[in-house]
Every structure is written in structure tokens, then in C-alpha cells.
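*Asks:* So here's data17.pdb (PDB, C-alpha atoms).
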ATOM      1  CA  MET A 829      13.810  14.165 -26.298
ATOM      2  CA  GLY A 830      13.259  12.643 -22.883
ATOM      3  CA  THR A 831      15.066  13.001 -19.591
ATOM      4  CA  TRP A 832      16.566  10.679 -17.008
ATOM      5  CA  ILE A 833      14.665  10.403 -13.755
ATOM      6  CA  GLU A 834      14.910   8.245 -10.634
ATOM      7  CA  LEU A 835      12.359   5.680  -9.494
ATOM      8  CA  THR A 836      12.195   4.318  -5.961
ATOM      9  CA  ALA A 837      11.220   0.664  -5.622
ATOM     10  CA  ALA A 838       9.310  -0.740  -2.645
ATOM     11  CA  ASP A 839      12.552  -1.881  -0.998
ATOM     12  CA  GLY A 840      14.024   1.614  -1.249
ATOM     13  CA  THR A 841      16.289   0.893  -4.212
ATOM     14  CA  VAL A 842      16.654   3.938  -6.464
ATOM     15  CA  VAL A 843      16.647   3.026 -10.147
ATOM     16  CA  PRO A 844      17.329   5.326 -13.111
ATOM     17  CA  ALA A 845      14.742   5.477 -15.866
ATOM     18  CA  TYR A 846      14.384   7.294 -19.162
ATOM     19  CA  GLU A 847      11.150   9.276 -19.351
ATOM     20  CA  ALA A 848       9.593  10.814 -22.448
ATOM     21  CA  ARG A 849       6.482  12.973 -22.204
ATOM     22  CA  PRO A 850       4.095  13.947 -24.973
ATOM     23  CA  THR A 851       3.024  17.435 -25.900
ATOM     24  CA  GLY A 852      -0.125  18.170 -23.955
ATOM     25  CA  LYS A 853      -2.066  15.862 -21.656
ATOM     26  CA  PRO A 854      -1.015  12.203 -21.999
ATOM     27  CA  LYS A 855      -3.681   9.797 -23.229
ATOM     28  CA  GLY A 856      -2.137   7.116 -21.036
ATOM     29  CA  ALA A 857       1.307   5.709 -20.351
ATOM     30  CA  VAL A 858       3.594   3.015 -21.718
ATOM     31  CA  VAL A 859       6.360   1.338 -19.722
ATOM     32  CA  VAL A 860       9.135   0.238 -22.110
ATOM     33  CA  ILE A 861      11.261  -2.731 -21.029
ATOM     34  CA  GLN A 862      14.711  -3.093 -22.556
ATOM     35  CA  GLU A 863      16.484  -5.929 -24.311
ATOM     36  CA  ILE A 864      19.747  -7.235 -22.843
ATOM     37  CA  PHE A 865      21.540  -4.131 -24.112
ATOM     38  CA  GLY A 866      20.410  -1.646 -21.488
ATOM     39  CA  VAL A 867      18.375   1.512 -21.960
ATOM     40  CA  ASN A 868      20.426   2.318 -25.025
ATOM     41  CA  SER A 869      19.683   4.729 -27.856
ATOM     42  CA  HIS A 870      17.263   2.293 -29.476
ATOM     43  CA  ILE A 871      15.158   1.857 -26.338
ATOM     44  CA  ARG A 872      15.180   5.614 -25.778
ATOM     45  CA  ASN A 873      13.995   6.048 -29.366
ATOM     46  CA  VAL A 874      11.184   3.573 -28.702
ATOM     47  CA  ALA A 875      10.114   5.590 -25.653
ATOM     48  CA  ASP A 876      10.302   8.811 -27.665
ATOM     49  CA  GLY A 877       8.136   7.167 -30.327
ATOM     50  CA  TYR A 878       5.375   6.369 -27.860
ATOM     51  CA  ALA A 879       5.568   9.908 -26.507
ATOM     52  CA  ALA A 880       5.106  11.175 -30.060
ATOM     53  CA  GLU A 881       1.908   9.111 -30.171
ATOM     54  CA  GLY A 882       0.586  10.910 -27.106
ATOM     55  CA  TYR A 883       1.679   8.536 -24.342
ATOM     56  CA  MET A 884       3.904   9.279 -21.404
ATOM     57  CA  ALA A 885       6.686   6.664 -21.697
ATOM     58  CA  VAL A 886       9.190   5.420 -19.131
ATOM     59  CA  ALA A 887      11.995   2.883 -19.567
ATOM     60  CA  PRO A 888      13.529   1.681 -16.273
ATOM     61  CA  ALA A 889      17.172   0.568 -16.240
ATOM     62  CA  MET A 890      16.587  -3.122 -15.622
ATOM     63  CA  PHE A 891      20.260  -3.993 -15.087
ATOM     64  CA  HIS A 892      20.759  -1.398 -12.358
ATOM     65  CA  ARG A 893      20.662  -3.851  -9.445
ATOM     66  CA  ALA A 894      23.477  -5.873 -11.012
ATOM     67  CA  GLN A 895      25.378  -3.249 -13.007
ATOM     68  CA  PRO A 896      24.611   0.487 -13.242
ATOM     69  CA  ASP A 897      24.902   2.579 -16.391
ATOM     70  CA  VAL A 898      24.726  -0.186 -18.976
ATOM     71  CA  GLU A 899      24.428   0.935 -22.584
ATOM     72  CA  LEU A 900      25.523  -1.665 -25.114
ATOM     73  CA  GLY A 901      25.526  -2.067 -28.877
ATOM     74  CA  TYR A 902      24.863  -5.248 -30.825
ATOM     75  CA  THR A 903      28.233  -6.884 -31.424
ATOM     76  CA  ASP A 904      28.922 -10.445 -30.288
ATOM     77  CA  ALA A 905      30.881  -9.011 -27.363
ATOM     78  CA  ASP A 906      27.926  -6.812 -26.410
ATOM     79  CA  ILE A 907      25.585  -9.794 -26.573
ATOM     80  CA  GLY A 908      27.848 -11.780 -24.266
ATOM     81  CA  GLN A 909      28.140  -8.920 -21.827
ATOM     82  CA  GLY A 910      24.407  -8.278 -21.839
ATOM     83  CA  PHE A 911      23.626 -11.931 -21.299
ATOM     84  CA  GLY A 912      25.895 -11.883 -18.265
ATOM     85  CA  PHE A 913      24.039  -8.921 -16.779
ATOM     86  CA  LYS A 914      20.699 -10.598 -17.526
ATOM     87  CA  THR A 915      21.855 -13.750 -15.751
ATOM     88  CA  ALA A 916      22.905 -11.724 -12.720
ATOM     89  CA  VAL A 917      19.554  -9.940 -12.530
ATOM     90  CA  ASP A 918      17.639 -13.190 -12.990
ATOM     91  CA  ALA A 919      19.561 -14.631 -10.046
ATOM     92  CA  LEU A 920      18.464 -11.901  -7.624
ATOM     93  CA  PRO A 921      16.179 -13.001  -4.770
ATOM     94  CA  ALA A 922      12.500 -12.438  -5.530
ATOM     95  CA  PRO A 923      11.006 -10.049  -6.395
ATOM     96  CA  GLY A 924      14.328  -8.734  -7.712
ATOM     97  CA  ALA A 925      14.056  -6.339 -10.609
ATOM     98  CA  MET A 926      10.303  -6.916 -10.922
ATOM     99  CA  ALA A 927      10.047  -4.405  -8.089
ATOM    100  CA  ASP A 928      11.628  -1.836 -10.392
ATOM    101  CA  ILE A 929       8.993  -2.520 -13.051
ATOM    102  CA  GLN A 930       6.281  -2.040 -10.436
ATOM    103  CA  ALA A 931       7.856   1.286  -9.514
ATOM    104  CA  ALA A 932       7.798   2.296 -13.190
ATOM    105  CA  ILE A 933       4.123   1.332 -13.510
ATOM    106  CA  ASP A 934       3.215   3.310 -10.401
ATOM    107  CA  HIS A 935       5.179   6.336 -11.586
ATOM    108  CA  ALA A 936       3.640   6.167 -15.055
ATOM    109  CA  ALA A 937       0.128   6.042 -13.623
ATOM    110  CA  GLN A 938       0.777   8.987 -11.322
ATOM    111  CA  VAL A 939       2.420  11.196 -13.931
ATOM    112  CA  SER A 940       0.078  10.406 -16.823
ATOM    113  CA  GLY A 941      -3.128  10.314 -14.823
ATOM    114  CA  GLY A 942      -4.248   7.518 -17.147
ATOM    115  CA  LYS A 943      -4.064   3.797 -17.721
ATOM    116  CA  VAL A 944      -0.705   2.085 -18.148
ATOM    117  CA  GLY A 945       0.420  -0.349 -20.821
ATOM    118  CA  MET A 946       3.744  -2.125 -21.177
ATOM    119  CA  VAL A 947       5.878  -3.163 -24.108
ATOM    120  CA  GLY A 948       9.095  -5.171 -23.898
ATOM    121  CA  TYR A 949      11.604  -6.682 -26.280
ATOM    122  CA  CYS A 950      13.560  -9.960 -26.058
ATOM    123  CA  TRP A 951      14.376 -10.345 -22.328
ATOM    124  CA  GLY A 952      12.100  -7.366 -21.816
ATOM    125  CA  GLY A 953       9.361  -9.327 -23.549
ATOM    126  CA  LEU A 954       9.685 -12.060 -20.947
ATOM    127  CA  LEU A 955       9.618  -9.489 -18.143
ATOM    128  CA  THR A 956       6.559  -7.893 -19.736
ATOM    129  CA  TRP A 957       4.759 -11.237 -19.747
ATOM    130  CA  ARG A 958       5.666 -11.801 -16.111
ATOM    131  CA  ALA A 959       4.518  -8.298 -15.221
ATOM    132  CA  ALA A 960       1.176  -8.940 -16.913
ATOM    133  CA  CYS A 961       0.817 -12.088 -14.803
ATOM    134  CA  SER A 962       1.989 -10.794 -11.438
ATOM    135  CA  LEU A 963       2.126  -7.001 -11.058
ATOM    136  CA  THR A 964      -0.576  -4.445 -10.387
ATOM    137  CA  GLY A 965      -1.633  -1.298 -12.195
ATOM    138  CA  LEU A 966      -1.319  -2.516 -15.793
ATOM    139  CA  SER A 967      -4.148  -2.394 -18.325
ATOM    140  CA  ALA A 968      -2.416  -4.047 -21.318
ATOM    141  CA  ALA A 969       0.908  -5.695 -22.174
ATOM    142  CA  VAL A 970       2.767  -6.378 -25.423
ATOM    143  CA  PRO A 971       5.821  -8.668 -25.356
ATOM    144  CA  TYR A 972       7.947  -8.794 -28.512
ATOM    145  CA  TYR A 973       9.820 -12.084 -29.107
ATOM    146  CA  GLY A 974      10.062 -12.711 -25.390
ATOM    147  CA  GLY A 975      12.743 -15.323 -24.818
ATOM    148  CA  GLY A 976      11.363 -17.923 -22.424
ATOM    149  CA  VAL A 977       7.718 -16.904 -22.753
ATOM    150  CA  THR A 978       6.941 -20.105 -24.635
ATOM    151  CA  THR A 979       8.472 -22.448 -22.048
ATOM    152  CA  GLU A 980       6.126 -24.680 -20.066
ATOM    153  CA  SER A 981       6.635 -22.826 -16.796
ATOM    154  CA  GLU A 982       5.769 -19.459 -18.354
ATOM    155  CA  MET A 983       2.843 -20.842 -20.352
ATOM    156  CA  ALA A 984       1.376 -22.055 -17.075
ATOM    157  CA  LEU A 985       1.002 -18.440 -15.942
ATOM    158  CA  LYS A 986      -2.117 -16.465 -16.731
ATOM    159  CA  ALA A 987      -2.105 -12.755 -17.394
ATOM    160  CA  GLY A 988      -4.443 -10.500 -15.473
ATOM    161  CA  VAL A 989      -4.672  -8.014 -18.349
ATOM    162  CA  PRO A 990      -5.085  -8.242 -22.140
ATOM    163  CA  VAL A 991      -1.868  -9.335 -23.866
ATOM    164  CA  MET A 992      -0.722  -9.120 -27.486
ATOM    165  CA  ALA A 993       2.436 -11.081 -28.324
ATOM    166  CA  HIS A 994       4.671 -10.673 -31.379
ATOM    167  CA  PHE A 995       7.010 -13.453 -32.524
ATOM    168  CA  ALA A 996       9.427 -13.932 -35.430
ATOM    169  CA  GLU A 997       8.936 -16.968 -37.653
ATOM    170  CA  THR A 998      12.664 -17.597 -38.142
ATOM    171  CA  ASP A 999      13.709 -16.855 -34.554
ATOM    172  CA  LYS A1000      16.538 -19.225 -33.657
ATOM    173  CA  PHE A1001      15.898 -18.579 -29.954
ATOM    174  CA  ILE A1002      12.127 -19.190 -29.985
ATOM    175  CA  PRO A1003      11.083 -22.170 -32.152
ATOM    176  CA  MET A1004       7.760 -21.856 -33.915
ATOM    177  CA  ASP A1005       6.499 -25.111 -32.432
ATOM    178  CA  SER A1006       6.840 -23.526 -28.992
ATOM    179  CA  VAL A1007       4.907 -20.475 -30.222
ATOM    180  CA  GLU A1008       2.128 -22.798 -31.406
ATOM    181  CA  ALA A1009       2.138 -24.484 -28.001
ATOM    182  CA  PHE A1010       1.856 -21.086 -26.342
ATOM    183  CA  LYS A1011      -1.114 -20.188 -28.542
ATOM    184  CA  LYS A1012      -2.886 -23.389 -27.530
ATOM    185  CA  ALA A1013      -2.083 -22.975 -23.837
ATOM    186  CA  ARG A1014      -3.038 -19.290 -23.728
ATOM    187  CA  PRO A1015      -5.821 -18.780 -26.315
ATOM    188  CA  GLU A1016      -6.797 -15.493 -24.654
ATOM    189  CA  VAL A1017      -3.521 -13.919 -25.837
ATOM    190  CA  GLN A1018      -3.476 -12.305 -29.276
ATOM    191  CA  VAL A1019      -0.447 -13.841 -31.013
ATOM    192  CA  PHE A1020       1.037 -12.558 -34.259
ATOM    193  CA  THR A1021       4.010 -13.960 -36.160
ATOM    194  CA  TYR A1022       6.169 -12.236 -38.766
ATOM    195  CA  PRO A1023       8.466 -13.391 -41.586
ATOM    196  CA  ALA A1024      11.512 -12.096 -39.751
ATOM    197  CA  HIS A1025      14.282 -12.921 -37.294
ATOM    198  CA  HIS A1026      14.672 -12.277 -33.574
ATOM    199  CA  GLY A1027      15.091  -8.558 -32.932
ATOM    200  CA  PHE A1028      13.174  -7.472 -36.033
ATOM    201  CA  ASN A1029      11.908  -4.314 -34.319
ATOM    202  CA  CYS A1030      15.361  -2.822 -33.745
ATOM    203  CA  ASP A1031      16.624  -0.672 -36.613
ATOM    204  CA  GLN A1032      20.158  -0.840 -35.204
ATOM    205  CA  ARG A1033      20.402  -4.620 -35.640
ATOM    206  CA  GLY A1034      21.078  -6.653 -38.739
ATOM    207  CA  SER A1035      17.857  -8.540 -38.055
ATOM    208  CA  TRP A1036      15.743  -5.400 -38.427
ATOM    209  CA  HIS A1037      12.810  -6.048 -40.770
ATOM    210  CA  ALA A1038      11.051  -2.773 -41.496
ATOM    211  CA  PRO A1039       7.725  -4.174 -42.796
ATOM    212  CA  SER A1040       7.334  -6.463 -39.780
ATOM    213  CA  ALA A1041       8.376  -3.730 -37.360
ATOM    214  CA  GLN A1042       5.862  -1.318 -38.883
ATOM    215  CA  LEU A1043       2.988  -3.827 -38.833
ATOM    216  CA  ALA A1044       3.717  -4.871 -35.247
ATOM    217  CA  ARG A1045       3.838  -1.223 -34.190
ATOM    218  CA  GLU A1046       0.519  -0.479 -35.878
ATOM    219  CA  ARG A1047      -1.083  -3.437 -34.145
ATOM    220  CA  THR A1048       0.439  -2.453 -30.808
ATOM    221  CA  LEU A1049      -0.766   1.141 -31.068
ATOM    222  CA  ALA A1050      -4.286  -0.048 -31.926
ATOM    223  CA  PHE A1051      -4.172  -2.434 -28.968
ATOM    224  CA  PHE A1052      -3.098   0.329 -26.604
ATOM    225  CA  ALA A1053      -5.742   2.674 -28.001
ATOM    226  CA  GLN A1054      -8.341   0.008 -27.262
ATOM    227  CA  HIS A1055      -7.222  -0.842 -23.736
ATOM    228  CA  LEU A1056      -5.674   2.359 -22.410
ATOM    229  CA  GLY A1057      -7.772   5.201 -23.761
ATOM    230  CA  GLN A1058      -8.752   7.656 -21.087
ATOM    231  CA  ALA A1059      -8.875   6.412 -17.514
TER     232      ALA A1059
END
Produce C-alpha cells that represent the structure in this file.
*Replies:*
Amino acid sequence: MGTWIELTAADGTVVPAYEARPTGKPKGAVVVIQEIFGVNSHIRNVADGYAAEGYMAVAPAMFHRAQPDVELGYTDADIGQGFGFKTAVDALPAPGAMADIQAAIDHAAQVSGGKVGMVGYCWGGLLTWRAACSLTGLSAAVPYYGGGVTTESEMALKAGVPVMAHFAETDKFIPMDSVEAFKKARPEVQVFTYPAHHGFNCDQRGSWHAPSAQLARERTLAFFAQHLGQA
């Protein structure tokens, strides 16, 4: 079980974050970036899972600048509400909530004493890609079905760290032809696709696909072991 902490961004904004620490010295750190449902029980479970693998994990509350204390489920109403919060955060003047991710990276590096990776899901996948392209202190990044990652403007960006991207082959939000275009535009990114729907990693959603989730997790852990290791 983790605990809630407070991060302070460069502009002085204080942002809550869920932190999970491993038993013993961390072998690195993983910043976990939420979907549009807040740092809910699923995201906390994801952080706990990385802590169980020996990483210090921290999940910043990415909606905090627009709406504090968001914890949603997965009903249609929740999706609509979460999309509204996402839209509000996306509309913030730059750097907006990216400053909160930078604060999480800095905190993770300080607390763990090791290298820092990042994993994000859905909207968090897009933010993870942007972090890999623009923020400092990361050593690896893994976006899962990042909505918007395969658009032309995002494909034009280049990550400064190794990236592994997971996509779903029947994702109604991310067409496979756009995934193929992303692979061609960014050949340095390791791209994997799965016979599943958007959100396949989340065991609280109807789209959960256990075999795909397990395989993606195994690949992600191997990727982090390769690129984080000991600082």
C-alpha cells in the first residue's frame, strides 16, 4: 500500500501524488500517468505493482490544476466527466500540467536515487510521449494506447529517451493505419500491437484483455530493466 504525498511544481503549484515504495533499496523509479479517470484504484494498483517489482512508483494527480480530488469509474457518465477534465487541463497555458510531471520525475529521482522511467495509459500515454520528447530526467518511457500519439503533430516530435509503445489492434480511438504511420515516422520507437481494444490493461474495464495486459507488462518490465537498472 502506498501513501499520498505532495509535489511542488516549478511555478509553486502543489499537486497530490500517490507514492508506492518497494521493500528495500529501489532499483529505479517509475512515474505512472493516469487515464482520464484520475488517480483511481486502478492507477494506484498499477503503482503498487511497480513497487512490488522493486521500483519506487509515483502517480501525480494530473487533473489537479483543473479539478482536485478526481477519482472516477468507467461508466459513460464517468467517461464524459473525465473527458471534460482532460479538455480543461489541455487548455491550460504552457507548460500546464507538464510541469507537474516534471515535478514527479524530479521527486522520483531524488527518492529512489536511481534512473526514472515513465508509463502512461490513454491520455496518460500521450502525456508520456510528450514527456519523453520534452522533459528532463527520464531514462525510458512506455505509452499505452496514447490517444493522439499517432497524429501528425505528435509524430513530428522526437523522443530524447528510449520509448516502447503499446497499441490495441481494434482500438476505435486509434486506427491501425495511424499506428503504421507512427512506426514509419518514428522507427526508433519499439511498437507492439495486441489483439485487444482500447484500455486492455485495465482489469476494471470491459475492454480488459488479460493475455495482452500480461504480455505488455512483461515487455515493459524488461524494457525498464534494460534502461533503468542501477544509476
*Asks:* Could you write out as a list of chain:residue names the residues that the PyMOL selection byres ((chain A and resi 932) around 7) matches in the shown file?
*Replies:*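 When the PyMOL selection byres ((chain A and resi 932) around 7) is applied, the selected residues are A:Leu835, A:Val859, A:Val886, A:Pro888, A:Asp928, A:Ile929, A:Gln930, A:Ala931, A:Ile933, A:Asp934, A:His935, A:Ala936.
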*Asks:* Using only C-alpha atoms, which residues sit within 7 Å of Phe913 (chain A) once same-chain residues fewer than 2 positions away are excluded, as a PyMOL selection string?
*Replies:* chain A and resi 891+894-895+909-911+915-917
*Asks:* Find the residues near Leu1049 (chain A): any atom within 9 Å, counting only C-alpha atoms, skip ones fewer than 4 places away on the same chain, and give them as a VMD selection string.
*Replies:* chain A and resid 878 881 1044 to 1045 1053 to 1054
*Asks:* Under the PyMOL selection byres ((chain A and resi 1007-1010) around 9), which residues of this model are included? Write them out as a list in words.
*Replies:*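 Going through the file, the PyMOL selection byres ((chain A and resi 1007-1010) around 9) ends up selecting Val977, Thr978, Thr979, Glu980, Met983, Phe995, Ile1002, Pro1003, Met1004, Asp1005, Ser1006, Lys1011, Lys1012, Ala1013, Arg1014, Pro1015, Val1017, Val1019 and Thr1021 of chain A.
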*Asks:* Identify which of the residues A:Ala880, A:Ala889, A:Ala960, A:Cys1030 lies closest to Lys986 (chain A), counting all atoms listed in the file when measuring atom-to-atom distances.
*Replies:* A:Ala960
*Asks:* With the PyMOL selection byres ((chain A and resi 992) around 7) as the selection, what would be picked from this file? Answer as a count of residues only, please.
*Replies:* 10
*Asks:* Where atoms are missing, can you supply N, CA and C atoms for region 927-960 of chain A and output the lot as an mmCIF file, keeping the file's coordinate frame?
*Replies:*
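Once written, result33.cif looks like this:
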data_model
loop_
_atom_site.group_PDB
_atom_site.id
_atom_site.type_symbol
_atom_site.label_atom_id
_atom_site.label_comp_id
_atom_site.auth_asym_id
_atom_site.auth_seq_id
_atom_site.Cartn_x
_atom_site.Cartn_y
_atom_site.Cartn_z
ATOM 1 N N ALA A 927 10.434 -5.541 -8.933
ATOM 2 C CA ALA A 927 10.047 -4.405 -8.089
ATOM 3 C C ALA A 927 10.305 -3.084 -8.802
ATOM 4 N N ASP A 928 11.318 -3.051 -9.651
ATOM 5 C CA ASP A 928 11.628 -1.836 -10.392
ATOM 6 C C ASP A 928 10.580 -1.584 -11.476
ATOM 7 N N ILE A 929 10.069 -2.668 -12.071
ATOM 8 C CA ILE A 929 8.993 -2.520 -13.051
ATOM 9 C C ILE A 929 7.731 -2.004 -12.364
ATOM 10 N N GLN A 930 7.450 -2.533 -11.172
ATOM 11 C CA GLN A 930 6.281 -2.040 -10.436
ATOM 12 C C GLN A 930 6.416 -0.551 -10.130
ATOM 13 N N ALA A 931 7.622 -0.132 -9.774
ATOM 14 C CA ALA A 931 7.856 1.286 -9.514
ATOM 15 C C ALA A 931 7.618 2.124 -10.768
ATOM 16 N N ALA A 932 8.014 1.579 -11.930
ATOM 17 C CA ALA A 932 7.798 2.296 -13.190
ATOM 18 C C ALA A 932 6.315 2.390 -13.515
ATOM 19 N N ILE A 933 5.568 1.309 -13.279
ATOM 20 C CA ILE A 933 4.123 1.332 -13.510
ATOM 21 C C ILE A 933 3.461 2.384 -12.620
ATOM 22 N N ASP A 934 3.814 2.365 -11.346
ATOM 23 C CA ASP A 934 3.215 3.310 -10.401
ATOM 24 C C ASP A 934 3.526 4.755 -10.783
ATOM 25 N N HIS A 935 4.777 4.993 -11.170
ATOM 26 C CA HIS A 935 5.179 6.336 -11.586
ATOM 27 C C HIS A 935 4.425 6.755 -12.840
ATOM 28 N N ALA A 936 4.319 5.848 -13.796
ATOM 29 C CA ALA A 936 3.640 6.167 -15.055
ATOM 30 C C ALA A 936 2.178 6.511 -14.815
ATOM 31 N N ALA A 937 1.533 5.774 -13.924
ATOM 32 C CA ALA A 937 0.128 6.042 -13.623
ATOM 33 C C ALA A 937 -0.034 7.408 -12.969
ATOM 34 N N GLN A 938 0.870 7.717 -12.047
ATOM 35 C CA GLN A 938 0.777 8.987 -11.322
ATOM 36 C C GLN A 938 1.014 10.179 -12.247
ATOM 37 N N VAL A 939 2.054 10.072 -13.075
ATOM 38 C CA VAL A 939 2.420 11.196 -13.931
ATOM 39 C C VAL A 939 1.414 11.391 -15.061
ATOM 40 N N SER A 940 0.973 10.304 -15.666
ATOM 41 C CA SER A 940 0.078 10.406 -16.823
ATOM 42 C C SER A 940 -1.362 10.675 -16.421
ATOM 43 N N GLY A 941 -1.742 10.207 -15.227
ATOM 44 C CA GLY A 941 -3.128 10.314 -14.823
ATOM 45 C C GLY A 941 -4.051 9.390 -15.598
ATOM 46 N N GLY A 942 -3.458 8.428 -16.324
ATOM 47 C CA GLY A 942 -4.248 7.518 -17.147
ATOM 48 C C GLY A 942 -3.878 6.071 -16.921
ATOM 49 N N LYS A 943 -4.383 5.220 -17.793
ATOM 50 C CA LYS A 943 -4.064 3.797 -17.721
ATOM 51 C C LYS A 943 -2.660 3.533 -18.247
ATOM 52 N N VAL A 944 -2.101 2.398 -17.834
ATOM 53 C CA VAL A 944 -0.705 2.085 -18.148
ATOM 54 C C VAL A 944 -0.620 0.786 -18.933
ATOM 55 N N GLY A 945 0.082 0.839 -20.046
ATOM 56 C CA GLY A 945 0.420 -0.349 -20.821
ATOM 57 C C GLY A 945 1.908 -0.620 -20.710
ATOM 58 N N MET A 946 2.320 -1.773 -21.210
ATOM 59 C CA MET A 946 3.744 -2.125 -21.177
ATOM 60 C C MET A 946 4.126 -2.816 -22.471
ATOM 61 N N VAL A 947 5.319 -2.489 -22.949
ATOM 62 C CA VAL A 947 5.878 -3.163 -24.108
ATOM 63 C C VAL A 947 7.313 -3.531 -23.787
ATOM 64 N N GLY A 948 7.730 -4.734 -24.185
ATOM 65 C CA GLY A 948 9.095 -5.171 -23.898
ATOM 66 C C GLY A 948 9.631 -6.034 -25.024
ATOM 67 N N TYR A 949 10.944 -6.049 -25.146
ATOM 68 C CA TYR A 949 11.604 -6.682 -26.280
ATOM 69 C C TYR A 949 12.626 -7.709 -25.798
ATOM 70 N N CYS A 950 12.603 -8.898 -26.397
ATOM 71 C CA CYS A 950 13.560 -9.960 -26.058
ATOM 72 C C CYS A 950 13.422 -10.289 -24.560
ATOM 73 N N TRP A 951 14.478 -10.134 -23.778
ATOM 74 C CA TRP A 951 14.376 -10.345 -22.328
ATOM 75 C C TRP A 951 13.277 -9.467 -21.747
ATOM 76 N N GLY A 952 13.164 -8.251 -22.257
ATOM 77 C CA GLY A 952 12.100 -7.366 -21.816
ATOM 78 C C GLY A 952 10.718 -7.888 -22.159
ATOM 79 N N GLY A 953 10.628 -8.685 -23.219
ATOM 80 C CA GLY A 953 9.361 -9.327 -23.549
ATOM 81 C C GLY A 953 8.966 -10.343 -22.496
ATOM 82 N N LEU A 954 9.949 -11.102 -22.027
ATOM 83 C CA LEU A 954 9.685 -12.060 -20.947
ATOM 84 C C LEU A 954 9.262 -11.328 -19.675
ATOM 85 N N LEU A 955 9.969 -10.255 -19.332
ATOM 86 C CA LEU A 955 9.618 -9.489 -18.143
ATOM 87 C C LEU A 955 8.239 -8.853 -18.283
ATOM 88 N N THR A 956 7.882 -8.465 -19.490
ATOM 89 C CA THR A 956 6.559 -7.893 -19.736
ATOM 90 C C THR A 956 5.472 -8.939 -19.511
ATOM 91 N N TRP A 957 5.717 -10.151 -19.982
ATOM 92 C CA TRP A 957 4.759 -11.237 -19.747
ATOM 93 C C TRP A 957 4.613 -11.507 -18.248
ATOM 94 N N ARG A 958 5.725 -11.560 -17.546
ATOM 95 C CA ARG A 958 5.666 -11.801 -16.111
ATOM 96 C C ARG A 958 4.959 -10.667 -15.383
ATOM 97 N N ALA A 959 5.191 -9.440 -15.831
ATOM 98 C CA ALA A 959 4.518 -8.298 -15.221
ATOM 99 C C ALA A 959 3.009 -8.392 -15.420
ATOM 100 N N ALA A 960 2.605 -8.791 -16.623
ATOM 101 C CA ALA A 960 1.176 -8.940 -16.913
ATOM 102 C C ALA A 960 0.539 -10.004 -16.040
#
